[in-house]
Each structure stands twice: as structure tokens, then as C-alpha cells.
>>> print(open('structure03.cif').read())   # mmCIF, C-alpha atoms
data_entry
#
loop_
_atom_site.group_PDB
_atom_site.id
_atom_site.type_symbol
_atom_site.label_atom_id
_atom_site.label_comp_id
_atom_site.auth_asym_id
_atom_site.auth_seq_id
_atom_site.Cartn_x
_atom_site.Cartn_y
_atom_site.Cartn_z
ATOM 1 C CA MET N 62 72.819 132.291 59.291
ATOM 2 C CA SER N 63 69.906 131.827 61.729
ATOM 3 C CA GLU N 64 68.744 128.430 62.908
ATOM 4 C CA PRO N 65 66.915 126.529 60.176
ATOM 5 C CA PRO N 66 63.165 126.110 60.201
ATOM 6 C CA ILE N 67 61.860 122.698 61.163
ATOM 7 C CA ARG N 68 59.455 121.543 58.499
ATOM 8 C CA SER N 69 57.660 118.303 57.688
ATOM 9 C CA TYR N 70 56.550 116.348 54.658
ATOM 10 C CA THR N 71 54.298 113.354 54.151
ATOM 11 C CA ALA N 72 55.853 110.056 53.060
ATOM 12 C CA SER N 73 54.007 107.832 50.598
ATOM 13 C CA ASP N 74 52.530 105.760 53.448
ATOM 14 C CA GLY N 75 51.207 108.855 55.240
ATOM 15 C CA TYR N 76 53.968 109.137 57.847
ATOM 16 C CA GLN N 77 54.854 112.734 58.762
ATOM 17 C CA ILE N 78 58.631 113.253 58.679
ATOM 18 C CA HIS N 79 60.279 116.309 60.227
ATOM 19 C CA PHE N 80 63.318 117.865 58.607
ATOM 20 C CA ARG N 81 65.612 120.834 59.005
ATOM 21 C CA HIS N 82 65.975 123.011 55.941
ATOM 22 C CA TRP N 83 69.195 124.981 55.633
ATOM 23 C CA LYS N 84 68.213 127.302 52.820
ATOM 24 C CA CYS N 85 70.689 129.075 50.586
ATOM 25 C CA GLN N 86 69.914 132.432 48.971
ATOM 26 C CA THR N 87 71.046 131.387 45.477
ATOM 27 C CA PRO N 88 71.599 127.625 45.504
ATOM 28 C CA ARG N 89 73.855 125.831 43.078
ATOM 29 C CA GLY N 90 72.669 122.420 44.227
ATOM 30 C CA ILE N 91 70.630 120.412 46.725
ATOM 31 C CA VAL N 92 71.975 118.144 49.453
ATOM 32 C CA ILE N 93 69.737 115.459 50.954
ATOM 33 C CA ALA N 94 71.531 114.459 54.173
ATOM 34 C CA LEU N 95 70.867 111.300 56.209
ATOM 35 C CA HIS N 96 72.000 110.784 59.797
ATOM 36 C CA GLY N 97 73.157 107.722 61.736
ATOM 37 C CA ILE N 98 71.215 105.107 63.668
ATOM 38 C CA GLN N 99 71.311 106.907 67.031
ATOM 39 C CA SER N 100 71.608 110.557 66.018
ATOM 40 C CA HIS N 101 69.302 113.026 64.273
ATOM 41 C CA SER N 102 69.636 116.105 62.089
ATOM 42 C CA GLY N 103 70.219 118.348 65.096
ATOM 43 C CA TRP N 104 73.697 116.861 65.551
ATOM 44 C CA TYR N 105 74.881 118.299 62.242
ATOM 45 C CA SER N 106 74.094 122.011 62.414
ATOM 46 C CA ALA N 107 77.686 123.146 61.824
ATOM 47 C CA SER N 108 78.275 121.125 58.648
ATOM 48 C CA SER N 109 74.796 121.952 57.345
ATOM 49 C CA ARG N 110 75.483 125.653 57.842
ATOM 50 C CA ALA N 111 78.834 125.287 56.067
ATOM 51 C CA MET N 112 77.151 123.617 53.085
ATOM 52 C CA ALA N 113 74.456 126.303 52.942
ATOM 53 C CA ASP N 114 77.110 129.033 53.106
ATOM 54 C CA ALA N 115 78.863 127.284 50.207
ATOM 55 C CA GLY N 116 75.756 127.526 48.029
ATOM 56 C CA PHE N 117 73.627 124.459 48.773
ATOM 57 C CA ASP N 118 70.072 123.971 49.949
ATOM 58 C CA VAL N 119 70.386 121.317 52.668
ATOM 59 C CA TYR N 120 67.364 119.156 53.414
ATOM 60 C CA PHE N 121 68.137 117.099 56.514
ATOM 61 C CA PRO N 122 65.326 114.791 57.704
ATOM 62 C CA ASP N 123 65.126 112.951 60.963
ATOM 63 C CA ARG N 124 64.681 109.325 59.900
ATOM 64 C CA ARG N 125 61.197 108.014 60.643
ATOM 65 C CA GLY N 126 61.043 106.984 64.298
ATOM 66 C CA SER N 127 64.090 109.133 65.135
ATOM 67 C CA GLY N 128 64.782 112.612 66.467
ATOM 68 C CA LEU N 129 61.617 114.708 66.304
ATOM 69 C CA ASN N 130 59.596 111.854 64.768
ATOM 70 C CA GLU N 131 57.970 110.222 67.800
ATOM 71 C CA PHE N 132 55.518 107.909 66.051
ATOM 72 C CA GLN N 133 56.693 104.268 65.853
ATOM 73 C CA ARG N 134 59.925 105.087 67.644
ATOM 74 C CA GLY N 135 62.987 103.283 66.263
ATOM 75 C CA HIS N 136 61.018 101.445 63.594
ATOM 76 C CA ALA N 137 60.938 101.009 59.818
ATOM 77 C CA ALA N 138 59.191 98.227 57.951
ATOM 78 C CA HIS N 139 61.845 97.490 55.313
ATOM 79 C CA GLY N 140 64.703 98.976 53.332
ATOM 80 C CA MET N 141 62.575 100.176 50.431
ATOM 81 C CA ARG N 142 60.449 102.159 52.883
ATOM 82 C CA LEU N 143 63.528 104.117 53.981
ATOM 83 C CA MET N 144 64.634 104.740 50.394
ATOM 84 C CA ASN N 145 61.177 105.934 49.401
ATOM 85 C CA ASP N 146 61.169 108.375 52.317
ATOM 86 C CA VAL N 147 64.367 109.894 50.907
ATOM 87 C CA ARG N 148 63.038 110.007 47.369
ATOM 88 C CA ALA N 149 59.898 111.837 48.503
ATOM 89 C CA LEU N 150 62.019 114.516 50.161
ATOM 90 C CA ALA N 151 64.286 114.769 47.097
ATOM 91 C CA ALA N 152 61.201 115.304 44.925
ATOM 92 C CA LEU N 153 59.991 118.060 47.251
ATOM 93 C CA ALA N 154 63.424 119.696 47.200
ATOM 94 C CA GLN N 155 63.536 119.645 43.412
ATOM 95 C CA ASP N 156 60.069 121.192 43.175
ATOM 96 C CA GLU N 157 61.069 123.981 45.556
ATOM 97 C CA GLY N 158 64.390 124.534 43.817
ATOM 98 C CA ARG N 159 63.017 124.416 40.294
ATOM 99 C CA LYS N 160 65.096 127.319 39.056
ATOM 100 C CA PRO N 161 66.918 127.380 35.739
ATOM 101 C CA VAL N 162 70.601 126.624 36.128
ATOM 102 C CA ASP N 163 73.007 127.841 33.443
ATOM 103 C CA ASP N 164 71.480 126.537 30.213
ATOM 104 C CA GLY N 165 68.151 125.550 31.725
ATOM 105 C CA GLY N 166 68.952 122.373 33.671
ATOM 106 C CA LEU N 167 67.580 121.721 37.144
ATOM 107 C CA LEU N 168 69.564 121.930 40.345
ATOM 108 C CA PRO N 169 71.711 118.816 40.855
ATOM 109 C CA VAL N 170 70.895 116.622 43.845
ATOM 110 C CA ILE N 171 73.599 115.113 46.053
ATOM 111 C CA ILE N 172 72.621 112.419 48.552
ATOM 112 C CA MET N 173 74.793 112.341 51.658
ATOM 113 C CA GLY N 174 74.824 109.449 54.131
ATOM 114 C CA ILE N 175 76.400 109.740 57.578
ATOM 115 C CA SER N 176 77.314 106.566 59.507
ATOM 116 C CA TRP N 177 74.239 104.216 59.398
ATOM 117 C CA GLY N 178 72.614 106.672 57.007
ATOM 118 C CA GLY N 179 75.271 105.639 54.501
ATOM 119 C CA LYS N 180 73.327 102.399 54.015
ATOM 120 C CA ILE N 181 70.244 104.288 52.868
ATOM 121 C CA ALA N 182 72.212 106.723 50.712
ATOM 122 C CA ALA N 183 74.296 104.074 48.934
ATOM 123 C CA ALA N 184 71.308 101.770 48.392
ATOM 124 C CA ALA N 185 69.254 104.652 46.959
ATOM 125 C CA ALA N 186 72.097 105.689 44.624
ATOM 126 C CA ALA N 187 72.414 102.087 43.428
ATOM 127 C CA THR N 188 68.685 101.482 42.996
ATOM 128 C CA PHE N 189 67.750 104.849 41.488
ATOM 129 C CA PRO N 190 70.942 105.970 39.741
ATOM 130 C CA ASN N 191 69.173 108.551 37.581
ATOM 131 C CA GLU N 192 67.793 110.452 40.572
ATOM 132 C CA PHE N 193 71.061 111.552 42.183
ATOM 133 C CA ASP N 194 74.018 113.463 40.783
ATOM 134 C CA GLY N 195 76.478 112.560 43.524
ATOM 135 C CA LEU N 196 76.914 110.404 46.617
ATOM 136 C CA ALA N 197 78.782 111.599 49.709
ATOM 137 C CA LEU N 198 79.534 108.958 52.341
ATOM 138 C CA LEU N 199 80.826 110.174 55.702
ATOM 139 C CA TYR N 200 82.203 107.305 57.808
ATOM 140 C CA PRO N 201 79.397 105.161 56.363
ATOM 141 C CA GLY N 202 77.974 102.165 58.206
ATOM 142 C CA LEU N 203 78.498 99.804 55.284
ATOM 143 C CA HIS N 204 80.958 97.617 57.205
ATOM 144 C CA PRO N 205 80.578 98.136 60.954
ATOM 145 C CA ARG N 206 83.067 96.593 63.356
ATOM 146 C CA LEU N 207 80.232 95.358 65.554
ATOM 147 C CA CYS N 208 78.033 92.894 63.642
ATOM 148 C CA PRO N 209 75.290 90.507 64.815
ATOM 149 C CA ASN N 210 76.605 87.155 66.029
ATOM 150 C CA ALA N 211 75.175 83.833 64.852
ATOM 151 C CA TRP N 212 72.451 83.781 67.517
ATOM 152 C CA GLN N 213 71.434 87.378 66.777
ATOM 153 C CA ARG N 214 71.324 86.658 63.038
ATOM 154 C CA PHE N 215 69.112 83.631 63.736
ATOM 155 C CA ARG N 216 66.736 85.787 65.768
ATOM 156 C CA LEU N 217 66.588 88.440 63.042
ATOM 157 C CA ASN N 218 65.920 85.785 60.403
ATOM 158 C CA PHE N 219 63.214 84.317 62.625
ATOM 159 C CA ALA N 220 61.691 87.768 63.119
ATOM 160 C CA ARG N 221 61.661 88.378 59.379
ATOM 161 C CA ARG N 222 60.167 84.990 58.542
ATOM 162 C CA PHE N 223 57.323 85.357 61.030
ATOM 163 C CA GLU N 224 56.914 89.116 60.523
ATOM 164 C CA ILE N 225 57.937 90.008 64.052
ATOM 165 C CA THR N 226 58.809 93.648 63.457
ATOM 166 C CA ARG N 227 58.249 95.500 66.729
ATOM 167 C CA THR N 228 60.617 93.763 69.152
ATOM 168 C CA ASP N 229 62.789 96.446 70.769
ATOM 169 C CA ILE N 230 66.543 95.884 70.657
ATOM 170 C CA PRO N 231 69.049 98.180 72.437
ATOM 171 C CA ILE N 232 71.556 99.964 70.196
ATOM 172 C CA PRO N 233 75.013 98.678 71.276
ATOM 173 C CA LEU N 234 76.622 102.128 71.033
ATOM 174 C CA ARG N 235 75.881 103.563 74.444
ATOM 175 C CA ALA N 236 79.349 104.955 75.175
ATOM 176 C CA PRO N 237 79.746 108.526 73.839
ATOM 177 C CA GLU N 238 83.514 107.909 73.645
ATOM 178 C CA LEU N 239 82.860 105.739 70.592
ATOM 179 C CA PHE N 240 81.717 108.825 68.696
ATOM 180 C CA THR N 241 84.210 111.474 69.799
ATOM 181 C CA ASP N 242 87.180 112.193 72.044
ATOM 182 C CA THR N 243 85.932 115.705 72.784
ATOM 183 C CA VAL N 244 84.457 115.887 76.295
ATOM 184 C CA GLU N 245 82.024 118.666 75.386
ATOM 185 C CA TRP N 246 80.479 116.556 72.632
ATOM 186 C CA GLN N 247 80.508 113.408 74.761
ATOM 187 C CA GLU N 248 78.335 115.273 77.244
ATOM 188 C CA PHE N 249 76.094 116.498 74.425
ATOM 189 C CA ILE N 250 75.530 112.931 73.221
ATOM 190 C CA ALA N 251 74.975 111.559 76.731
ATOM 191 C CA ASN N 252 72.362 114.215 77.531
ATOM 192 C CA ASP N 253 70.603 114.430 74.169
ATOM 193 C CA PRO N 254 66.886 113.772 74.800
ATOM 194 C CA LEU N 255 66.245 113.065 71.116
ATOM 195 C CA ALA N 256 68.970 110.427 70.676
ATOM 196 C CA LEU N 257 67.715 106.938 69.889
ATOM 197 C CA HIS N 258 68.795 104.128 72.242
ATOM 198 C CA ALA N 259 66.684 101.211 70.982
ATOM 199 C CA VAL N 260 65.409 100.101 67.585
ATOM 200 C CA THR N 261 62.998 97.453 66.425
ATOM 201 C CA SER N 262 63.775 94.177 64.735
ATOM 202 C CA GLY N 263 62.039 95.723 61.727
ATOM 203 C CA LEU N 264 64.602 98.520 61.435
ATOM 204 C CA LEU N 265 67.544 96.142 61.837
ATOM 205 C CA ASN N 266 66.144 93.914 59.112
ATOM 206 C CA ALA N 267 65.559 97.024 56.980
ATOM 207 C CA GLY N 268 69.276 97.696 57.377
ATOM 208 C CA ARG N 269 70.026 94.173 56.202
ATOM 209 C CA ASP N 270 67.780 94.789 53.185
ATOM 210 C CA LEU N 271 69.917 97.816 52.341
ATOM 211 C CA ASP N 272 73.162 95.864 52.819
ATOM 212 C CA GLU N 273 71.971 93.153 50.440
ATOM 213 C CA ARG N 274 70.903 95.681 47.838
ATOM 214 C CA ILE N 275 74.265 97.461 47.979
ATOM 215 C CA ALA N 276 76.143 94.162 47.706
ATOM 216 C CA LYS N 277 74.134 93.135 44.628
ATOM 217 C CA ARG N 278 74.038 96.512 42.891
ATOM 218 C CA ALA N 279 77.296 98.202 43.859
ATOM 219 C CA ALA N 280 78.287 98.473 40.188
ATOM 220 C CA ASP N 281 75.145 100.560 39.549
ATOM 221 C CA ILE N 282 76.560 103.400 41.653
ATOM 222 C CA ARG N 283 77.967 105.398 38.749
ATOM 223 C CA CYS N 284 77.694 108.968 40.032
ATOM 224 C CA PRO N 285 80.713 110.718 41.589
ATOM 225 C CA VAL N 286 81.370 109.479 45.138
ATOM 226 C CA LEU N 287 83.052 111.141 48.119
ATOM 227 C CA LEU N 288 84.262 108.953 51.001
ATOM 228 C CA LEU N 289 85.349 110.617 54.262
ATOM 229 C CA LEU N 290 86.787 108.339 56.965
ATOM 230 C CA ALA N 291 87.977 108.777 60.549
ATOM 231 C CA GLY N 292 91.350 107.124 61.080
ATOM 232 C CA ARG N 293 90.632 106.169 64.707
ATOM 233 C CA ASP N 294 87.094 104.947 64.078
ATOM 234 C CA ARG N 295 86.014 102.219 66.511
ATOM 235 C CA ILE N 296 82.588 101.791 64.923
ATOM 236 C CA ILE N 297 83.383 101.495 61.191
ATOM 237 C CA ASP N 298 85.823 99.072 59.530
ATOM 238 C CA ASN N 299 87.658 101.457 57.209
ATOM 239 C CA GLN N 300 89.576 98.802 55.299
ATOM 240 C CA GLU N 301 86.491 96.768 54.409
ATOM 241 C CA THR N 302 84.706 99.979 53.466
ATOM 242 C CA ARG N 303 87.493 100.857 51.026
ATOM 243 C CA VAL N 304 87.303 97.368 49.512
ATOM 244 C CA LEU N 305 83.568 97.799 48.918
ATOM 245 C CA MET N 306 84.221 101.120 47.177
ATOM 246 C CA THR N 307 86.282 99.304 44.546
ATOM 247 C CA ARG N 308 83.082 97.518 43.462
ATOM 248 C CA PHE N 309 81.214 100.764 42.796
ATOM 249 C CA GLY N 310 80.712 101.572 39.132
ATOM 250 C CA THR N 311 81.819 105.188 39.483
ATOM 251 C CA SER N 312 84.880 106.495 37.695
ATOM 252 C CA HIS N 313 85.030 109.492 40.075
ATOM 253 C CA LEU N 314 85.855 108.386 43.618
ATOM 254 C CA THR N 315 87.416 110.832 46.083
ATOM 255 C CA SER N 316 88.603 109.301 49.356
ATOM 256 C CA ILE N 317 89.947 111.263 52.340
ATOM 257 C CA CYS N 318 90.935 109.861 55.730
ATOM 258 C CA TYR N 319 91.562 112.053 58.768
ATOM 259 C CA PRO N 320 94.069 109.948 60.724
ATOM 260 C CA ASP N 321 93.431 111.403 64.197
ATOM 261 C CA ALA N 322 89.644 111.643 63.934
ATOM 262 C CA CYS N 323 87.215 109.517 65.959
ATOM 263 C CA HIS N 324 84.063 108.534 63.991
ATOM 264 C CA THR N 325 81.785 111.595 64.163
ATOM 265 C CA LEU N 326 83.712 114.126 62.089
ATOM 266 C CA GLU N 327 81.167 116.792 63.058
ATOM 267 C CA PHE N 328 82.602 116.768 66.581
ATOM 268 C CA GLU N 329 86.299 117.031 65.682
ATOM 269 C CA PRO N 330 88.293 120.035 66.973
ATOM 270 C CA ASP N 331 89.579 120.756 63.445
ATOM 271 C CA ARG N 332 86.245 120.274 61.748
ATOM 272 C CA ALA N 333 86.653 123.426 59.642
ATOM 273 C CA THR N 334 89.171 121.552 57.476
ATOM 274 C CA ILE N 335 86.740 118.651 57.088
ATOM 275 C CA PHE N 336 83.883 120.977 56.140
ATOM 276 C CA SER N 337 86.146 122.696 53.615
ATOM 277 C CA ASP N 338 86.972 119.359 51.969
ATOM 278 C CA LEU N 339 83.277 118.465 51.854
ATOM 279 C CA THR N 340 82.089 121.766 50.400
ATOM 280 C CA GLU N 341 84.913 121.888 47.838
ATOM 281 C CA TRP N 342 83.908 118.437 46.566
ATOM 282 C CA LEU N 343 80.286 119.565 46.401
ATOM 283 C CA ARG N 344 81.251 122.640 44.384
ATOM 284 C CA GLN N 345 83.271 120.563 41.937
ATOM 285 C CA ARG N 346 80.465 118.073 41.488
ATOM 286 C CA THR N 347 77.861 120.740 40.797
ATOM 287 C CA THR N 348 79.604 122.702 38.073
ATOM 288 C CA ARG N 349 77.923 122.401 34.687
ATOM 289 C CA SER N 350 80.873 120.538 33.110
ATOM 290 C CA GLU N 351 80.935 117.952 35.892
ATOM 291 C CA ILE N 352 77.209 117.312 35.681
ATOM 292 C CA GLU N 353 77.300 116.796 31.940
#
>>> encode(input="structure03.cif", output="C-alpha cells")
Amino acid sequence: MSEPPIRSYTASDGYQIHFRHWKCQTPRGIVIALHGIQSHSGWYSASSRAMADAGFDVYFPDRRGSGLNEFQRGHAAHGMRLMNDVRALAALAQDEGRKPVDDGGLLPVIIMGISWGGKIAAAAAATFPNEFDGLALLYPGLHPRLCPNAWQRFRLNFARRFEITRTDIPIPLRAPELFTDTVEWQEFIANDPLALHAVTSGLLNAGRDLDERIAKRAADIRCPVLLLLAGRDRIIDNQETRVLMTRFGTSHLTSICYPDACHTLEFEPDRATIFSDLTEWLRQRTTRSEIE
């Protein structure tokens, strides 16, 4: 498959969001994929290609202020803004994929959140449960090991109270070794000109909005859920993440941990096995019997 076209759509507030579209010839479903806090959709070409080869149209946006989106770098106003960006893309994807499936239903939509993007994906699935047919969480940032200390929480609360949204704050994940043990990919991360290295207080508080929504509405996540974890993850607290999963309302939870993996599964030497697990789950979740 050739490299995907880079397209754009207009969010409800007028912001132009770029996305990569991995188009499938005869799709059986749609995947809306969301990247982490520092990365962008260009990091995930291999898994996106694997999903497209498996029969899925993959719509992979760069989060506003990230990747190819230069305007208001590293910023988002609030959590609902980020969820609405995703919903606008999902609506576009459904319009473009409006083909009869089996007995006339529309293509199912799976929302997939990677690392920090797991916050947006899980919050959207909880808030708008009728809009998504499945939720895939890849080493999701629902319980990070590195959390704001008391002084940082005070400053974020102060910023929220007085609407201080544009203060730049460095992302505390500067070491590529946190993401992968593979030297080739460490160099890729270190030299990536599109990687994000600072965010605004507005985006961090948007993340807290999403955390609060997930905590309050976890039981509303009733669609099938896939959880993929890296056993040697130094960014995500796997145990606390598993505990949170027990509060989800779904009766279909699939959890897989790769014991030797280091956070970014995309960069693992044996990633073909990981992609196979992901695409097999997607196939199972998009059969007519599963959807009904």
C-alpha cells in the first residue's frame, strides 16, 4: 500500500485538523485512531497499514496543536473540545463510508486511543456510548506513573480558576528510552521535527477534564474493549489501569500484555504479533453477530 494521503477537516470551532487516511478497498469497519501527547499520526504508519490491509478504513488525525497542526501549538481549551474534534472526524468517516453492510447497516466505528490519546478515546466512549462500536486502548494514559505533584496541581487549579490557558509547560518525557529500547526508533523520536515537547496549561487541564469524566462515567463504557499493555512500561501504571478497567460497564473486555515490551508497541521488534492481535480483535468486533 502506498503512503496515505494527508487530508484535513474543519472542527466545529473552525480549526483545521490534518489527518492521515489509510483507505481500504472494501472496508468492513472504520477505525478512528488517536495518538499520544508527544507523538503524531506519522509514528503509526505500520499499524495503520496493517489495519487497512485487514479491511479497515483508518482515519488518524494529528491532535489539534500537534504534528502537522501548527496553529496554537500544544493547546486545547478543554476536554469536550478534544472529544468534539474526534466526533467530527467520525461523522466525516461515516459519511464517506456510507455503504450498505450485510443487511443494510452502516460500517461500525472503533475508536482507538494510544497512550495519552486513550484519555480522549475512553472519555468519548463513556460520554457518547451510542456513537462507537468498540474501544481499543493501547498502553493508555489513564494512570500514568508520572503525575503532577501538589505544587503543580495547585498551579493547574489556579490556571483553570483564572482562565490562564496559554502558559507553556515542558512535557516530562524527553528521553526516547522511555518509549522504546530499539536504538533505531530512539533516534527517530529524538530527531522527529513534528514531535511535541511543550504543552499549554489549557491542554493539561483538558486532560484532567477527561480523567474526571472517565472516573465518573466508567460504567457507561459498554462497548467491547481491547486493552494492550507493555510489560516493561515506565510511563503507564499497568496495575492501576487494569483496576480501572474493572469499573467499565462492558461485558466484553480483552486484555493482552506483552511482557518484554517497552511502552510504544509500534516500535517493538516483534510488532507483527502485536498487529495481528489488534487486527484479529477488530475483525471479531466488526462481524454482524458481534455488532448486534
>>> resolve_selection(input="structure03.cif", expression="the PyMOL selection byres ((chain N and resi 72) around 10)", output="JSON, numbers by chain")
{"N": [69, 70, 71, 73, 74, 75, 76, 77, 78, 125, 142, 143, 145, 146, 147, 148, 149, 150]}
>>> residues_around(input="structure03.cif", residues="segment 83-85 of chain N", least_positions_apart="3", cutoff="6 Å", atoms="only C-alpha atoms", output="MDAnalysis selection string")
chainID N and resid 65 88 113 116:119
>>> axis_aligned_box(input="structure03.cif", around="segment 341-344 of chain N", padding_each_side="3 Å", output="lines of an AutoDock Vina configuration file")
center_x = 82.6
center_y = 120.5
center_z = 46.1
size_x = 10.6
size_y = 10.2
size_z = 9.5
>>> residues_near_point(input="structure03.cif", point="(80.0, 123.8, 43.5)", cutoff="9 Å", atoms="only C-alpha atoms", output="ChimeraX atom specification")
/N:89-90,115-117,340-348
>>> closest_residue(input="structure03.cif", among="N:Ala107, N:Ala256, N:Leu288, N:Ala137", to="Asp270 of chain N", atoms="all atoms listed in the file")
N:Ala137
>>> resolve_selection(input="structure03.cif", expression="the PyMOL selection byres ((chain N and resi 290-302) around 6)", output="ChimeraX atom specification")
/N:200,204-206,289,303-305,318-324
>>> write_last_selection(input="structure03.cif", atoms="C-alpha atoms", output="PDB file, keeping the file's coordinate frame")
ATOM      1  CA  TYR N 200      82.203 107.305  57.808  1.00  0.00           C
ATOM      2  CA  HIS N 204      80.958  97.617  57.205  1.00  0.00           C
ATOM      3  CA  PRO N 205      80.578  98.136  60.954  1.00  0.00           C
ATOM      4  CA  ARG N 206      83.067  96.593  63.356  1.00  0.00           C
ATOM      5  CA  LEU N 289      85.349 110.617  54.262  1.00  0.00           C
ATOM      6  CA  ARG N 303      87.493 100.857  51.026  1.00  0.00           C
ATOM      7  CA  VAL N 304      87.303  97.368  49.512  1.00  0.00           C
ATOM      8  CA  LEU N 305      83.568  97.799  48.918  1.00  0.00           C
ATOM      9  CA  CYS N 318      90.935 109.861  55.730  1.00  0.00           C
ATOM     10  CA  TYR N 319      91.562 112.053  58.768  1.00  0.00           C
ATOM     11  CA  PRO N 320      94.069 109.948  60.724  1.00  0.00           C
ATOM     12  CA  ASP N 321      93.431 111.403  64.197  1.00  0.00           C
ATOM     13  CA  ALA N 322      89.644 111.643  63.934  1.00  0.00           C
ATOM     14  CA  CYS N 323      87.215 109.517  65.959  1.00  0.00           C
ATOM     15  CA  HIS N 324      84.063 108.534  63.991  1.00  0.00           C
TER      16      HIS N 324
END
>>> residues_around(input="structure03.cif", residues="Pro254 of chain N", least_positions_apart="4", cutoff="10 Å", atoms="only C-alpha atoms", output="list in words")
Gly128, Phe249 and Ile250 of chain N
>>> closest_residue(input="structure03.cif", among="N:Leu255, N:Ala138, N:Ala279, N:Leu314", to="Thr226 of chain N", atoms="only C-alpha atoms")
N:Ala138
>>> closest_residue(input="structure03.cif", among="N:Ile171, N:Leu239, N:Leu271, N:Ile67", to="Met112 of chain N", atoms="only C-alpha atoms")
N:Ile171
>>> atom_distance(input="structure03.cif", atom1="atom CA of Leu203 of chain N", atom2="atom CA of Ile98 of chain N")
12.3 Å
>>> resolve_selection(input="structure03.cif", expression="the PyMOL selection byres ((chain N and resi 232) around 9)", output="list in words")
Ile98, Gln99, Ile230, Pro231, Pro233, Leu234, Arg235, Leu257, His258, Ala259 and Val260 of chain N
>>> closest_residue(input="structure03.cif", among="N:Thr315, N:Asn266, N:Gln155, N:Ser102", to="Thr228 of chain N", atoms="all atoms listed in the file")
N:Asn266
>>> closest_residue(input="structure03.cif", among="N:Ile335, N:Val244, N:Leu265, N:Leu167", to="Ala152 of chain N", atoms="all atoms listed in the file")
N:Leu167
>>> atom_distance(input="structure03.cif", atom1="atom CA of Ala186 of chain N", atom2="atom CA of Asp123 of chain N")
19.2 Å
>>> decode(input="structure03.cif", residues="segment 101-170 of chain N", atoms="C-alpha atoms", output="mmCIF file, in the first residue's frame")
data_model
loop_
_atom_site.group_PDB
_atom_site.id
_atom_site.type_symbol
_atom_site.label_atom_id
_atom_site.label_comp_id
_atom_site.auth_asym_id
_atom_site.auth_seq_id
_atom_site.Cartn_x
_atom_site.Cartn_y
_atom_site.Cartn_z
ATOM 1 C CA HIS N 101 1.527 12.320 15.944
ATOM 2 C CA SER N 102 -0.096 10.076 13.357
ATOM 3 C CA GLY N 103 3.156 9.707 11.432
ATOM 4 C CA TRP N 104 4.554 7.481 14.189
ATOM 5 C CA TYR N 105 1.977 4.782 13.489
ATOM 6 C CA SER N 106 2.272 4.041 9.775
ATOM 7 C CA ALA N 107 2.999 0.325 10.229
ATOM 8 C CA SER N 108 -0.008 -0.451 12.435
ATOM 9 C CA SER N 109 -2.273 1.751 10.313
ATOM 10 C CA ARG N 110 -1.195 -0.134 7.198
ATOM 11 C CA ALA N 111 -1.817 -3.449 8.967
ATOM 12 C CA MET N 112 -5.341 -2.359 9.920
ATOM 13 C CA ALA N 113 -6.068 -1.171 6.376
ATOM 14 C CA ASP N 114 -4.768 -4.463 4.962
ATOM 15 C CA ALA N 115 -7.109 -6.246 7.385
ATOM 16 C CA GLY N 116 -10.138 -4.426 5.981
ATOM 17 C CA PHE N 117 -10.449 -1.142 7.882
ATOM 18 C CA ASP N 118 -10.545 2.483 6.831
ATOM 19 C CA VAL N 119 -8.165 4.186 9.274
ATOM 20 C CA TYR N 120 -8.669 7.874 9.984
ATOM 21 C CA PHE N 121 -5.719 9.078 12.054
ATOM 22 C CA PRO N 122 -5.751 12.794 12.966
ATOM 23 C CA ASP N 123 -2.945 14.796 14.437
ATOM 24 C CA ARG N 124 -4.468 16.252 17.604
ATOM 25 C CA ARG N 125 -5.036 19.997 17.349
ATOM 26 C CA GLY N 126 -1.756 21.773 18.084
ATOM 27 C CA SER N 127 0.242 18.604 17.335
ATOM 28 C CA GLY N 128 2.084 17.084 14.392
ATOM 29 C CA LEU N 129 1.125 18.901 11.195
ATOM 30 C CA ASN N 130 -1.273 21.237 13.034
ATOM 31 C CA GLU N 131 0.881 24.297 13.741
ATOM 32 C CA PHE N 132 -1.800 26.715 14.918
ATOM 33 C CA GLN N 133 -1.987 27.088 18.726
ATOM 34 C CA ARG N 134 0.830 24.609 19.229
ATOM 35 C CA GLY N 135 0.333 22.244 22.177
ATOM 36 C CA HIS N 136 -3.006 23.750 23.154
ATOM 37 C CA ALA N 137 -6.629 22.716 23.666
ATOM 38 C CA ALA N 138 -9.241 24.678 25.563
ATOM 39 C CA HIS N 139 -10.940 21.812 27.421
ATOM 40 C CA GLY N 140 -11.722 18.114 27.308
ATOM 41 C CA MET N 141 -15.012 18.474 25.458
ATOM 42 C CA ARG N 142 -13.188 20.332 22.686
ATOM 43 C CA LEU N 143 -10.954 17.299 22.114
ATOM 44 C CA MET N 144 -13.903 14.895 22.136
ATOM 45 C CA ASN N 145 -15.831 17.038 19.675
ATOM 46 C CA ASP N 146 -12.835 17.063 17.332
ATOM 47 C CA VAL N 147 -12.967 13.254 17.306
ATOM 48 C CA ARG N 148 -16.712 13.148 16.799
ATOM 49 C CA ALA N 149 -16.471 15.487 13.804
ATOM 50 C CA LEU N 150 -13.944 13.175 12.161
ATOM 51 C CA ALA N 151 -16.064 10.104 12.975
ATOM 52 C CA ALA N 152 -19.050 11.792 11.312
ATOM 53 C CA LEU N 153 -16.965 12.518 8.214
ATOM 54 C CA ALA N 154 -15.731 8.922 8.124
ATOM 55 C CA GLN N 155 -19.261 7.567 8.364
ATOM 56 C CA ASP N 156 -20.445 9.833 5.547
ATOM 57 C CA GLU N 157 -17.590 8.680 3.319
ATOM 58 C CA GLY N 158 -18.092 5.038 4.237
ATOM 59 C CA ARG N 159 -21.861 5.065 3.921
ATOM 60 C CA LYS N 160 -22.049 1.722 2.170
ATOM 61 C CA PRO N 161 -24.571 -0.979 2.986
ATOM 62 C CA VAL N 162 -23.092 -3.692 5.163
ATOM 63 C CA ASP N 163 -24.710 -7.136 5.139
ATOM 64 C CA ASP N 164 -28.379 -6.408 5.831
ATOM 65 C CA GLY N 165 -28.138 -2.664 5.314
ATOM 66 C CA GLY N 166 -26.382 -1.431 8.464
ATOM 67 C CA LEU N 167 -23.629 1.173 8.364
ATOM 68 C CA LEU N 168 -19.954 0.478 8.859
ATOM 69 C CA PRO N 169 -19.106 0.052 12.555
ATOM 70 C CA VAL N 170 -16.788 2.629 14.107
#
